[in-house]
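Novice: Input file: upload-v7.pdb. Contents: PDB, C-alpha atoms and all ligand atoms.
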ATOM      1  CA  THR V  25      63.764  -9.903  32.283  1.00  0.00           C
ATOM      2  CA  ARG V  26      66.640  -7.475  32.211  1.00  0.00           C
ATOM      3  CA  ASP V  27      66.941  -4.718  29.668  1.00  0.00           C
ATOM      4  CA  PHE V  28      69.469  -5.132  26.884  1.00  0.00           C
ATOM      5  CA  LEU V  29      71.939  -2.416  25.933  1.00  0.00           C
ATOM      6  CA  ILE V  30      73.712  -2.082  22.585  1.00  0.00           C
ATOM      7  CA  ALA V  31      77.192  -0.600  22.799  1.00  0.00           C
ATOM      8  CA  PRO V  32      78.733   0.098  19.382  1.00  0.00           C
ATOM      9  CA  SER V  33      82.530   0.015  19.499  1.00  0.00           C
ATOM     10  CA  ILE V  34      83.838   3.137  17.811  1.00  0.00           C
ATOM     11  CA  LEU V  35      87.045   1.255  17.024  1.00  0.00           C
ATOM     12  CA  SER V  36      85.374   0.384  13.710  1.00  0.00           C
ATOM     13  CA  ALA V  37      83.992   3.886  13.060  1.00  0.00           C
ATOM     14  CA  ASP V  38      85.472   6.391  10.610  1.00  0.00           C
ATOM     15  CA  PHE V  39      87.836   8.327  12.899  1.00  0.00           C
ATOM     16  CA  ALA V  40      88.018  11.232  10.487  1.00  0.00           C
ATOM     17  CA  ARG V  41      84.312  11.848  11.136  1.00  0.00           C
ATOM     18  CA  LEU V  42      84.017  10.485  14.650  1.00  0.00           C
ATOM     19  CA  GLY V  43      81.563  12.992  16.116  1.00  0.00           C
ATOM     20  CA  GLN V  44      79.073  12.442  13.310  1.00  0.00           C
ATOM     21  CA  GLU V  45      79.513   8.665  13.475  1.00  0.00           C
ATOM     22  CA  VAL V  46      78.700   8.659  17.185  1.00  0.00           C
ATOM     23  CA  ASP V  47      75.728  11.013  16.714  1.00  0.00           C
ATOM     24  CA  ASP V  48      74.354   8.822  13.944  1.00  0.00           C
ATOM     25  CA  VAL V  49      74.738   5.509  15.743  1.00  0.00           C
ATOM     26  CA  LEU V  50      73.052   6.939  18.855  1.00  0.00           C
ATOM     27  CA  ALA V  51      70.247   8.417  16.758  1.00  0.00           C
ATOM     28  CA  SER V  52      69.766   4.926  15.324  1.00  0.00           C
ATOM     29  CA  GLY V  53      69.041   3.558  18.787  1.00  0.00           C
ATOM     30  CA  ALA V  54      72.391   2.553  20.274  1.00  0.00           C
ATOM     31  CA  ASP V  55      72.421   2.899  24.065  1.00  0.00           C
ATOM     32  CA  ILE V  56      76.040   3.497  25.050  1.00  0.00           C
ATOM     33  CA  VAL V  57      79.331   4.301  23.325  1.00  0.00           C
ATOM     34  CA  HIS V  58      82.040   1.638  23.703  1.00  0.00           C
ATOM     35  CA  PHE V  59      85.454   3.328  23.693  1.00  0.00           C
ATOM     36  CA  ASP V  60      88.459   1.017  23.147  1.00  0.00           C
ATOM     37  CA  VAL V  61      91.756   2.265  24.574  1.00  0.00           C
ATOM     38  CA  MET V  62      94.808   0.312  23.349  1.00  0.00           C
ATOM     39  CA  ASP V  63      98.397   1.124  24.284  1.00  0.00           C
ATOM     40  CA  ASN V  64     100.654  -1.018  22.028  1.00  0.00           C
ATOM     41  CA  HIS V  65     101.975  -2.587  25.228  1.00  0.00           C
ATOM     42  CA  TYR V  66      99.237  -4.517  26.965  1.00  0.00           C
ATOM     43  CA  VAL V  67      97.711  -5.174  23.520  1.00  0.00           C
ATOM     44  CA  PRO V  68      99.391  -4.994  20.093  1.00  0.00           C
ATOM     45  CA  ASN V  69      97.500  -1.975  18.775  1.00  0.00           C
ATOM     46  CA  LEU V  70      97.326   1.748  19.467  1.00  0.00           C
ATOM     47  CA  THR V  71      94.085   3.709  19.484  1.00  0.00           C
ATOM     48  CA  ILE V  72      92.633   6.694  21.301  1.00  0.00           C
ATOM     49  CA  GLY V  73      92.902   8.334  24.704  1.00  0.00           C
ATOM     50  CA  PRO V  74      91.229  10.811  27.060  1.00  0.00           C
ATOM     51  CA  MET V  75      91.476  13.736  24.610  1.00  0.00           C
ATOM     52  CA  VAL V  76      89.145  11.965  22.198  1.00  0.00           C
ATOM     53  CA  CYS V  77      86.695  11.120  25.003  1.00  0.00           C
ATOM     54  CA  GLN V  78      86.655  14.763  26.027  1.00  0.00           C
ATOM     55  CA  ALA V  79      86.211  15.841  22.404  1.00  0.00           C
ATOM     56  CA  LEU V  80      83.091  13.669  22.137  1.00  0.00           C
ATOM     57  CA  ARG V  81      81.676  15.327  25.259  1.00  0.00           C
ATOM     58  CA  HIS V  82      82.460  18.778  23.855  1.00  0.00           C
ATOM     59  CA  HIS V  83      80.810  17.710  20.614  1.00  0.00           C
ATOM     60  CA  GLY V  84      77.624  17.169  22.624  1.00  0.00           C
ATOM     61  CA  VAL V  85      77.508  13.433  23.236  1.00  0.00           C
ATOM     62  CA  THR V  86      75.436  12.856  26.393  1.00  0.00           C
ATOM     63  CA  ALA V  87      75.063   9.051  26.180  1.00  0.00           C
ATOM     64  CA  PRO V  88      77.131   6.951  28.597  1.00  0.00           C
ATOM     65  CA  ILE V  89      80.709   6.443  27.415  1.00  0.00           C
ATOM     66  CA  ASP V  90      81.965   2.952  28.266  1.00  0.00           C
ATOM     67  CA  VAL V  91      85.768   3.159  28.414  1.00  0.00           C
ATOM     68  CA  HIS V  92      87.490  -0.207  27.924  1.00  0.00           C
ATOM     69  CA  LEU V  93      91.090   0.174  29.070  1.00  0.00           C
ATOM     70  CA  MET V  94      93.494  -2.248  27.378  1.00  0.00           C
ATOM     71  CA  VAL V  95      96.529  -0.597  28.913  1.00  0.00           C
ATOM     72  CA  ARG V  96      99.284  -1.224  31.423  1.00  0.00           C
ATOM     73  CA  PRO V  97      99.750   0.421  33.865  1.00  0.00           C
ATOM     74  CA  VAL V  98      96.107   1.209  34.522  1.00  0.00           C
ATOM     75  CA  ASP V  99      95.803   3.749  37.317  1.00  0.00           C
ATOM     76  CA  ARG V 100      97.033   7.022  35.864  1.00  0.00           C
ATOM     77  CA  LEU V 101      94.696   6.823  32.900  1.00  0.00           C
ATOM     78  CA  ILE V 102      91.743   6.292  35.237  1.00  0.00           C
ATOM     79  CA  GLY V 103      91.993   9.848  36.538  1.00  0.00           C
ATOM     80  CA  ASP V 104      92.431  11.198  33.024  1.00  0.00           C
ATOM     81  CA  PHE V 105      89.290   9.422  31.789  1.00  0.00           C
ATOM     82  CA  ILE V 106      87.253  10.536  34.789  1.00  0.00           C
ATOM     83  CA  ASP V 107      88.204  14.118  33.933  1.00  0.00           C
ATOM     84  CA  ALA V 108      87.443  13.495  30.256  1.00  0.00           C
ATOM     85  CA  GLY V 109      83.816  12.551  30.925  1.00  0.00           C
ATOM     86  CA  ALA V 110      83.835   8.749  31.036  1.00  0.00           C
ATOM     87  CA  SER V 111      80.753   7.078  32.542  1.00  0.00           C
ATOM     88  CA  ILE V 112      81.970   3.507  32.933  1.00  0.00           C
ATOM     89  CA  ILE V 113      85.639   2.479  33.139  1.00  0.00           C
ATOM     90  CA  THR V 114      86.686  -1.157  32.831  1.00  0.00           C
ATOM     91  CA  PHE V 115      90.187  -2.611  32.988  1.00  0.00           C
ATOM     92  CA  HIS V 116      91.884  -6.006  32.739  1.00  0.00           C
ATOM     93  CA  PRO V 117      92.736  -7.258  36.247  1.00  0.00           C
ATOM     94  CA  GLU V 118      96.025  -8.835  35.223  1.00  0.00           C
ATOM     95  CA  ALA V 119      97.140  -5.416  33.927  1.00  0.00           C
ATOM     96  CA  SER V 120      96.669  -3.785  37.338  1.00  0.00           C
ATOM     97  CA  ASP V 121      99.065  -4.269  40.240  1.00  0.00           C
ATOM     98  CA  HIS V 122      96.337  -3.437  42.762  1.00  0.00           C
ATOM     99  CA  ILE V 123      92.922  -4.400  41.482  1.00  0.00           C
ATOM    100  CA  ASP V 124      90.969  -3.224  44.507  1.00  0.00           C
ATOM    101  CA  ARG V 125      92.702   0.151  44.388  1.00  0.00           C
ATOM    102  CA  SER V 126      91.998   0.624  40.671  1.00  0.00           C
ATOM    103  CA  LEU V 127      88.312  -0.187  41.188  1.00  0.00           C
ATOM    104  CA  GLN V 128      88.144   2.216  44.104  1.00  0.00           C
ATOM    105  CA  LEU V 129      89.822   4.988  42.075  1.00  0.00           C
ATOM    106  CA  ILE V 130      87.153   4.645  39.403  1.00  0.00           C
ATOM    107  CA  ARG V 131      84.302   4.697  41.930  1.00  0.00           C
ATOM    108  CA  ASP V 132      85.789   7.610  43.863  1.00  0.00           C
ATOM    109  CA  GLY V 133      85.741   9.543  40.582  1.00  0.00           C
ATOM    110  CA  GLY V 134      82.007   8.988  40.233  1.00  0.00           C
ATOM    111  CA  CYS V 135      82.208   6.429  37.433  1.00  0.00           C
ATOM    112  CA  ARG V 136      80.920   2.888  37.317  1.00  0.00           C
ATOM    113  CA  ALA V 137      83.727   0.333  37.550  1.00  0.00           C
ATOM    114  CA  GLY V 138      84.257  -2.982  35.831  1.00  0.00           C
ATOM    115  CA  LEU V 139      86.687  -5.831  35.290  1.00  0.00           C
ATOM    116  CA  VAL V 140      87.414  -7.282  31.851  1.00  0.00           C
ATOM    117  CA  PHE V 141      88.215 -10.957  31.369  1.00  0.00           C
ATOM    118  CA  ASN V 142      90.221 -12.204  28.402  1.00  0.00           C
ATOM    119  CA  PRO V 143      89.096 -15.561  27.014  1.00  0.00           C
ATOM    120  CA  ALA V 144      91.515 -17.463  29.298  1.00  0.00           C
ATOM    121  CA  THR V 145      91.390 -15.177  32.348  1.00  0.00           C
ATOM    122  CA  PRO V 146      89.597 -16.832  35.290  1.00  0.00           C
ATOM    123  CA  LEU V 147      86.512 -15.246  36.841  1.00  0.00           C
ATOM    124  CA  SER V 148      88.061 -15.832  40.272  1.00  0.00           C
ATOM    125  CA  TYR V 149      89.464 -12.290  40.009  1.00  0.00           C
ATOM    126  CA  LEU V 150      85.958 -11.274  41.094  1.00  0.00           C
ATOM    127  CA  ASP V 151      86.179 -13.163  44.381  1.00  0.00           C
ATOM    128  CA  TYR V 152      87.038 -10.405  46.832  1.00  0.00           C
ATOM    129  CA  VAL V 153      85.930  -7.323  44.903  1.00  0.00           C
ATOM    130  CA  MET V 154      82.378  -8.075  43.819  1.00  0.00           C
ATOM    131  CA  ASP V 155      81.073  -5.254  46.024  1.00  0.00           C
ATOM    132  CA  LYS V 156      83.134  -2.746  44.014  1.00  0.00           C
ATOM    133  CA  VAL V 157      82.148  -4.012  40.572  1.00  0.00           C
ATOM    134  CA  ASP V 158      79.323  -2.488  38.491  1.00  0.00           C
ATOM    135  CA  MET V 159      80.125  -4.290  35.242  1.00  0.00           C
ATOM    136  CA  VAL V 160      81.688  -7.593  34.231  1.00  0.00           C
ATOM    137  CA  LEU V 161      83.008  -7.560  30.662  1.00  0.00           C
ATOM    138  CA  LEU V 162      83.815 -10.886  29.037  1.00  0.00           C
ATOM    139  CA  MET V 163      86.048 -10.745  25.995  1.00  0.00           C
ATOM    140  CA  SER V 164      84.862 -13.191  23.352  1.00  0.00           C
ATOM    141  CA  VAL V 165      87.994 -12.536  21.265  1.00  0.00           C
ATOM    142  CA  ASN V 166      91.566 -11.812  22.291  1.00  0.00           C
ATOM    143  CA  PRO V 167      91.782  -8.056  22.720  1.00  0.00           C
ATOM    144  CA  GLY V 168      93.532  -5.812  20.231  1.00  0.00           C
ATOM    145  CA  PHE V 169      91.522  -5.763  17.029  1.00  0.00           C
ATOM    146  CA  GLY V 170      88.004  -5.500  15.705  1.00  0.00           C
ATOM    147  CA  GLY V 171      86.596  -7.960  13.212  1.00  0.00           C
ATOM    148  CA  GLN V 172      87.650 -11.223  14.910  1.00  0.00           C
ATOM    149  CA  SER V 173      85.456 -14.316  15.346  1.00  0.00           C
ATOM    150  CA  PHE V 174      83.475 -15.032  18.517  1.00  0.00           C
ATOM    151  CA  ILE V 175      85.180 -17.721  20.656  1.00  0.00           C
ATOM    152  CA  PRO V 176      82.429 -20.269  21.509  1.00  0.00           C
ATOM    153  CA  ALA V 177      83.831 -21.168  24.968  1.00  0.00           C
ATOM    154  CA  THR V 178      82.671 -17.685  26.022  1.00  0.00           C
ATOM    155  CA  LEU V 179      79.087 -18.994  26.235  1.00  0.00           C
ATOM    156  CA  ASP V 180      79.845 -21.299  29.200  1.00  0.00           C
ATOM    157  CA  LYS V 181      81.833 -18.525  30.833  1.00  0.00           C
ATOM    158  CA  LEU V 182      78.894 -16.141  30.411  1.00  0.00           C
ATOM    159  CA  ARG V 183      76.645 -18.625  32.198  1.00  0.00           C
ATOM    160  CA  GLU V 184      79.165 -18.825  35.042  1.00  0.00           C
ATOM    161  CA  ALA V 185      79.459 -15.033  35.219  1.00  0.00           C
ATOM    162  CA  ARG V 186      75.661 -14.741  35.251  1.00  0.00           C
ATOM    163  CA  ARG V 187      75.489 -17.173  38.203  1.00  0.00           C
ATOM    164  CA  ARG V 188      78.054 -15.135  40.133  1.00  0.00           C
ATOM    165  CA  ILE V 189      76.263 -11.860  39.437  1.00  0.00           C
ATOM    166  CA  ASP V 190      72.851 -13.216  40.402  1.00  0.00           C
ATOM    167  CA  ALA V 191      74.307 -14.739  43.580  1.00  0.00           C
ATOM    168  CA  SER V 192      75.777 -11.369  44.522  1.00  0.00           C
ATOM    169  CA  GLY V 193      72.341  -9.755  44.461  1.00  0.00           C
ATOM    170  CA  ARG V 194      73.976  -6.626  43.102  1.00  0.00           C
ATOM    171  CA  ASP V 195      73.050  -4.555  40.067  1.00  0.00           C
ATOM    172  CA  ILE V 196      75.960  -5.568  37.843  1.00  0.00           C
ATOM    173  CA  ARG V 197      75.849  -5.484  34.062  1.00  0.00           C
ATOM    174  CA  LEU V 198      77.250  -8.429  32.082  1.00  0.00           C
ATOM    175  CA  GLU V 199      78.812  -7.202  28.871  1.00  0.00           C
ATOM    176  CA  VAL V 200      80.298  -9.223  26.030  1.00  0.00           C
ATOM    177  CA  ASP V 201      82.861  -7.878  23.565  1.00  0.00           C
ATOM    178  CA  GLY V 202      84.150  -9.377  20.329  1.00  0.00           C
ATOM    179  CA  GLY V 203      82.569 -11.024  17.313  1.00  0.00           C
ATOM    180  CA  VAL V 204      79.003 -10.110  18.300  1.00  0.00           C
ATOM    181  CA  LYS V 205      76.821 -10.239  15.184  1.00  0.00           C
ATOM    182  CA  VAL V 206      73.127 -10.176  14.344  1.00  0.00           C
ATOM    183  CA  ASP V 207      73.171 -13.966  13.918  1.00  0.00           C
ATOM    184  CA  ASN V 208      74.720 -14.874  17.301  1.00  0.00           C
ATOM    185  CA  ILE V 209      73.412 -12.162  19.636  1.00  0.00           C
ATOM    186  CA  ALA V 210      70.310 -14.147  20.677  1.00  0.00           C
ATOM    187  CA  GLU V 211      72.409 -17.108  21.795  1.00  0.00           C
ATOM    188  CA  ILE V 212      74.765 -14.757  23.672  1.00  0.00           C
ATOM    189  CA  ALA V 213      71.775 -13.161  25.405  1.00  0.00           C
ATOM    190  CA  ARG V 214      70.442 -16.579  26.402  1.00  0.00           C
ATOM    191  CA  ALA V 215      73.813 -17.332  28.029  1.00  0.00           C
ATOM    192  CA  GLY V 216      73.274 -14.346  30.300  1.00  0.00           C
ATOM    193  CA  ALA V 217      74.740 -11.223  28.699  1.00  0.00           C
ATOM    194  CA  ASP V 218      72.735  -7.996  28.916  1.00  0.00           C
ATOM    195  CA  THR V 219      75.114  -5.514  27.278  1.00  0.00           C
ATOM    196  CA  PHE V 220      76.482  -6.120  23.783  1.00  0.00           C
ATOM    197  CA  VAL V 221      79.523  -4.516  22.220  1.00  0.00           C
ATOM    198  CA  ALA V 222      79.539  -4.609  18.440  1.00  0.00           C
ATOM    199  CA  GLY V 223      82.130  -2.914  16.275  1.00  0.00           C
ATOM    200  CA  SER V 224      82.470  -4.236  12.765  1.00  0.00           C
ATOM    201  CA  ALA V 225      78.865  -5.493  12.711  1.00  0.00           C
ATOM    202  CA  VAL V 226      77.552  -1.963  13.283  1.00  0.00           C
ATOM    203  CA  PHE V 227      80.008   0.299  11.482  1.00  0.00           C
ATOM    204  CA  LYS V 228      79.808  -1.448   8.135  1.00  0.00           C
ATOM    205  CA  ALA V 229      77.144   0.756   6.565  1.00  0.00           C
ATOM    206  CA  SER V 230      78.734   2.664   3.737  1.00  0.00           C
ATOM    207  CA  ASN V 231      76.703   5.716   2.720  1.00  0.00           C
ATOM    208  CA  ALA V 232      78.190   8.294   5.091  1.00  0.00           C
ATOM    209  CA  ALA V 233      75.754  10.932   3.829  1.00  0.00           C
ATOM    210  CA  ASP V 234      72.788   8.959   5.165  1.00  0.00           C
ATOM    211  CA  PRO V 235      72.352   9.756   8.869  1.00  0.00           C
ATOM    212  CA  HIS V 236      70.012   6.765   9.166  1.00  0.00           C
ATOM    213  CA  ARG V 237      72.508   4.240   7.822  1.00  0.00           C
ATOM    214  CA  TYR V 238      72.768   2.449  11.167  1.00  0.00           C
ATOM    215  CA  ASP V 239      69.010   2.159  11.804  1.00  0.00           C
ATOM    216  CA  GLY V 240      68.718  -1.248  10.204  1.00  0.00           C
ATOM    217  CA  VAL V 241      71.521  -3.028  12.000  1.00  0.00           C
ATOM    218  CA  ILE V 242      70.690  -1.587  15.412  1.00  0.00           C
ATOM    219  CA  ARG V 243      67.060  -2.606  14.981  1.00  0.00           C
ATOM    220  CA  GLU V 244      68.094  -6.128  13.983  1.00  0.00           C
ATOM    221  CA  PHE V 245      70.005  -6.461  17.224  1.00  0.00           C
TER
HETATM  222  C1  LIG V 301      88.694  -5.685  20.784  1.00  0.00           C
HETATM  223  C2  LIG V 301      87.807  -4.556  21.250  1.00  0.00           C
HETATM  224  C3  LIG V 301      86.409  -4.640  20.764  1.00  0.00           C
HETATM  225  C4  LIG V 301      86.267  -4.567  19.264  1.00  0.00           C
HETATM  226  C5  LIG V 301      85.073  -5.385  18.892  1.00  0.00           C
HETATM  227  O1  LIG V 301      89.879  -5.690  21.502  1.00  0.00           O
HETATM  228  O2  LIG V 301      87.764  -4.538  22.681  1.00  0.00           O
HETATM  229  O3  LIG V 301      85.575  -3.678  21.417  1.00  0.00           O
HETATM  230  O4  LIG V 301      86.107  -3.273  18.776  1.00  0.00           O
HETATM  231  O5  LIG V 301      84.965  -5.405  17.510  1.00  0.00           O
HETATM  232  P1  LIG V 301      84.084  -6.490  16.741  1.00  0.00           P
HETATM  233  O6  LIG V 301      82.655  -6.298  17.168  1.00  0.00           O
HETATM  234  O7  LIG V 301      84.322  -6.164  15.312  1.00  0.00           O
HETATM  235  O8  LIG V 301      84.591  -7.860  17.153  1.00  0.00           O
HETATM  236 ZN    ZN V 302      86.234  -3.285  23.780  1.00  0.00          ZN
END
Is it possible to express this structure as structure tokens?

Specialist:
Amino acid sequence: TRDFLIAPSILSADFARLGQEVDDVLASGADIVHFDVMDNHYVPNLTIGPMVCQALRHHGVTAPIDVHLMVRPVDRLIGDFIDAGASIITFHPEASDHIDRSLQLIRDGGCRAGLVFNPATPLSYLDYVMDKVDMVLLMSVNPGFGGQSFIPATLDKLREARRRIDASGRDIRLEVDGGVKVDNIAEIARAGADTFVAGSAVFKASNAADPHRYDGVIREF
């Protein structure tokens, strides 16, 4: 059995207290920090960039930072996020003009590389680049916002992605992003996912003065 990783999406954190939010969610047992980058162009929302990633590193965050690029074009930001301390960088293949090159840029910078698939994006984008992929990220909502509902067709797609990964014989993580909750995570795991992004489900605890406010939800996962 593979080990499961919980990746809270800081999109739903309190940005005015981001360093503390990240510290607290990691202290509660989260494994990696999911960092959503939106450009108001590829997706209809605008979030955070390399400066904030670097600020988290300067704050003392040592956990892996999983940068999910929802931007077009892709390549220039890759270098910026490598310099800012990213650990994993994923991008949407249809947003890159040269998918192989973008993957190679990420790997050359010492980061793990991944492709992200929107609900209707075919997995065939993996066909000729599997040897350069360290993570496959399936969106279970349309990208752009937290708090949306899990799209059930993602379960079949997860099973297909799991088959492809196992057939490759490579050490590739299968991550799912969007609408992951305590009550559907077991079913998502059974479909083959091993890495779980959760935004609104995690960052809902209210008492900001309690550093253990995320213990319960992380443990339930
Ligand atoms: C959506 C983002 C997600 C989002 C998930 O475009 O990529 O990471 O924060 O949020 P929830 O878990 O609330 O669906
Ligand atoms: Zn994301």

Novice: So what does the PyMOL selection byres (((not hetatm)) within 9 of (chain V and resi 302)) actually pick up in this one, as a ChimeraX atom specification?

Specialist: /V:33,35,58-61,90-94,161,163,167-170,200-202,221-223

Novice: Take the residues from that selection and put them in a file with C-alpha atoms, as a short mmCIF file (atom, residue, chain, number, x, y, z; two decimals), in the frame of the given file.

Specialist:
data_model
loop_
_atom_site.label_atom_id
_atom_site.label_comp_id
_atom_site.auth_asym_id
_atom_site.auth_seq_id
_atom_site.Cartn_x
_atom_site.Cartn_y
_atom_site.Cartn_z
CA SER V 33 82.53 0.02 19.50
CA LEU V 35 87.04 1.25 17.02
CA HIS V 58 82.04 1.64 23.70
CA PHE V 59 85.45 3.33 23.69
CA ASP V 60 88.46 1.02 23.15
CA VAL V 61 91.76 2.26 24.57
CA ASP V 90 81.96 2.95 28.27
CA VAL V 91 85.77 3.16 28.41
CA HIS V 92 87.49 -0.21 27.92
CA LEU V 93 91.09 0.17 29.07
CA MET V 94 93.49 -2.25 27.38
CA LEU V 161 83.01 -7.56 30.66
CA MET V 163 86.05 -10.74 26.00
CA PRO V 167 91.78 -8.06 22.72
CA GLY V 168 93.53 -5.81 20.23
CA PHE V 169 91.52 -5.76 17.03
CA GLY V 170 88.00 -5.50 15.70
CA VAL V 200 80.30 -9.22 26.03
CA ASP V 201 82.86 -7.88 23.56
CA GLY V 202 84.15 -9.38 20.33
CA VAL V 221 79.52 -4.52 22.22
CA ALA V 222 79.54 -4.61 18.44
CA GLY V 223 82.13 -2.91 16.27
#

Novice: In Å to one decimal, how far is CA of Ala119 (chain V) from CA of Asp132 (chain V)?

Specialist: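 Here the two named atoms are 19.9 Å from each other.
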
Novice: If I put a ball of radius 12 Å at (75.6, 4.8, 18.2) in the file's coordinates, which residues poke into it when counting all atoms listed in the file, written as JSON, numbers by chain?

Specialist: {"V": [29, 30, 31, 32, 33, 34, 36, 37, 42, 43, 44, 45, 46, 47, 48, 49, 50, 51, 52, 53, 54, 55, 56, 57, 58, 59, 85, 86, 87, 88, 89, 221, 222, 223, 226, 227, 235, 236, 237, 238, 239, 241, 242, 243]}

Novice: List the residues selected by the PyMOL selection byres (((chain V and resi 199) around 7) and not hetatm) in the file shown, writing them as a PyMOL selection string.

Specialist: chain V and resi 160-162+197-198+200-201+217-220

Novice: What's the 10 Å shell around Asp107 (chain V), counting all atoms listed in the file, without same-chain residues fewer than 6 positions away, as a list in words?

Specialist: Pro74, Met75, Cys77, Gln78, Leu101 and Gly133 of chain V

Novice: Which residues match the PyMOL selection byres (((chain V and resi 172-187) around 7) and not hetatm) in the file above, as a VMD selection string?

Specialist: chain V and resid 143 164 to 165 170 to 171 188 to 191 202 to 204 212 215 to 217

Novice: From the list V:Phe105, V:Tyr152, V:Tyr66, V:Phe28, which residue is nearest ligand LIG 301 (chain V) when using only C-alpha atoms and all ligand atoms?

Specialist: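 Comparing V:Phe105, V:Tyr152, V:Tyr66, V:Phe28 against ligand LIG 301 (chain V), the winner is V:Tyr66.
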
Novice: Record the distance separating CA of Leu150 (chain V) and CA of Arg136 (chain V), expressed in Å with one decimal.

Specialist: 15.5 Å

Novice: Around ligand LIG 301 (chain V), fit a box with edges along x, y and z, padding it by 6 Å on each side, then list its centre and edge lengths in Å to one decimal as AutoDock Vina command-line options.

Specialist:
--center_x 86.3 --center_y -5.6 --center_z 19.0 --size_x 19.2 --size_y 16.6 --size_z 19.4
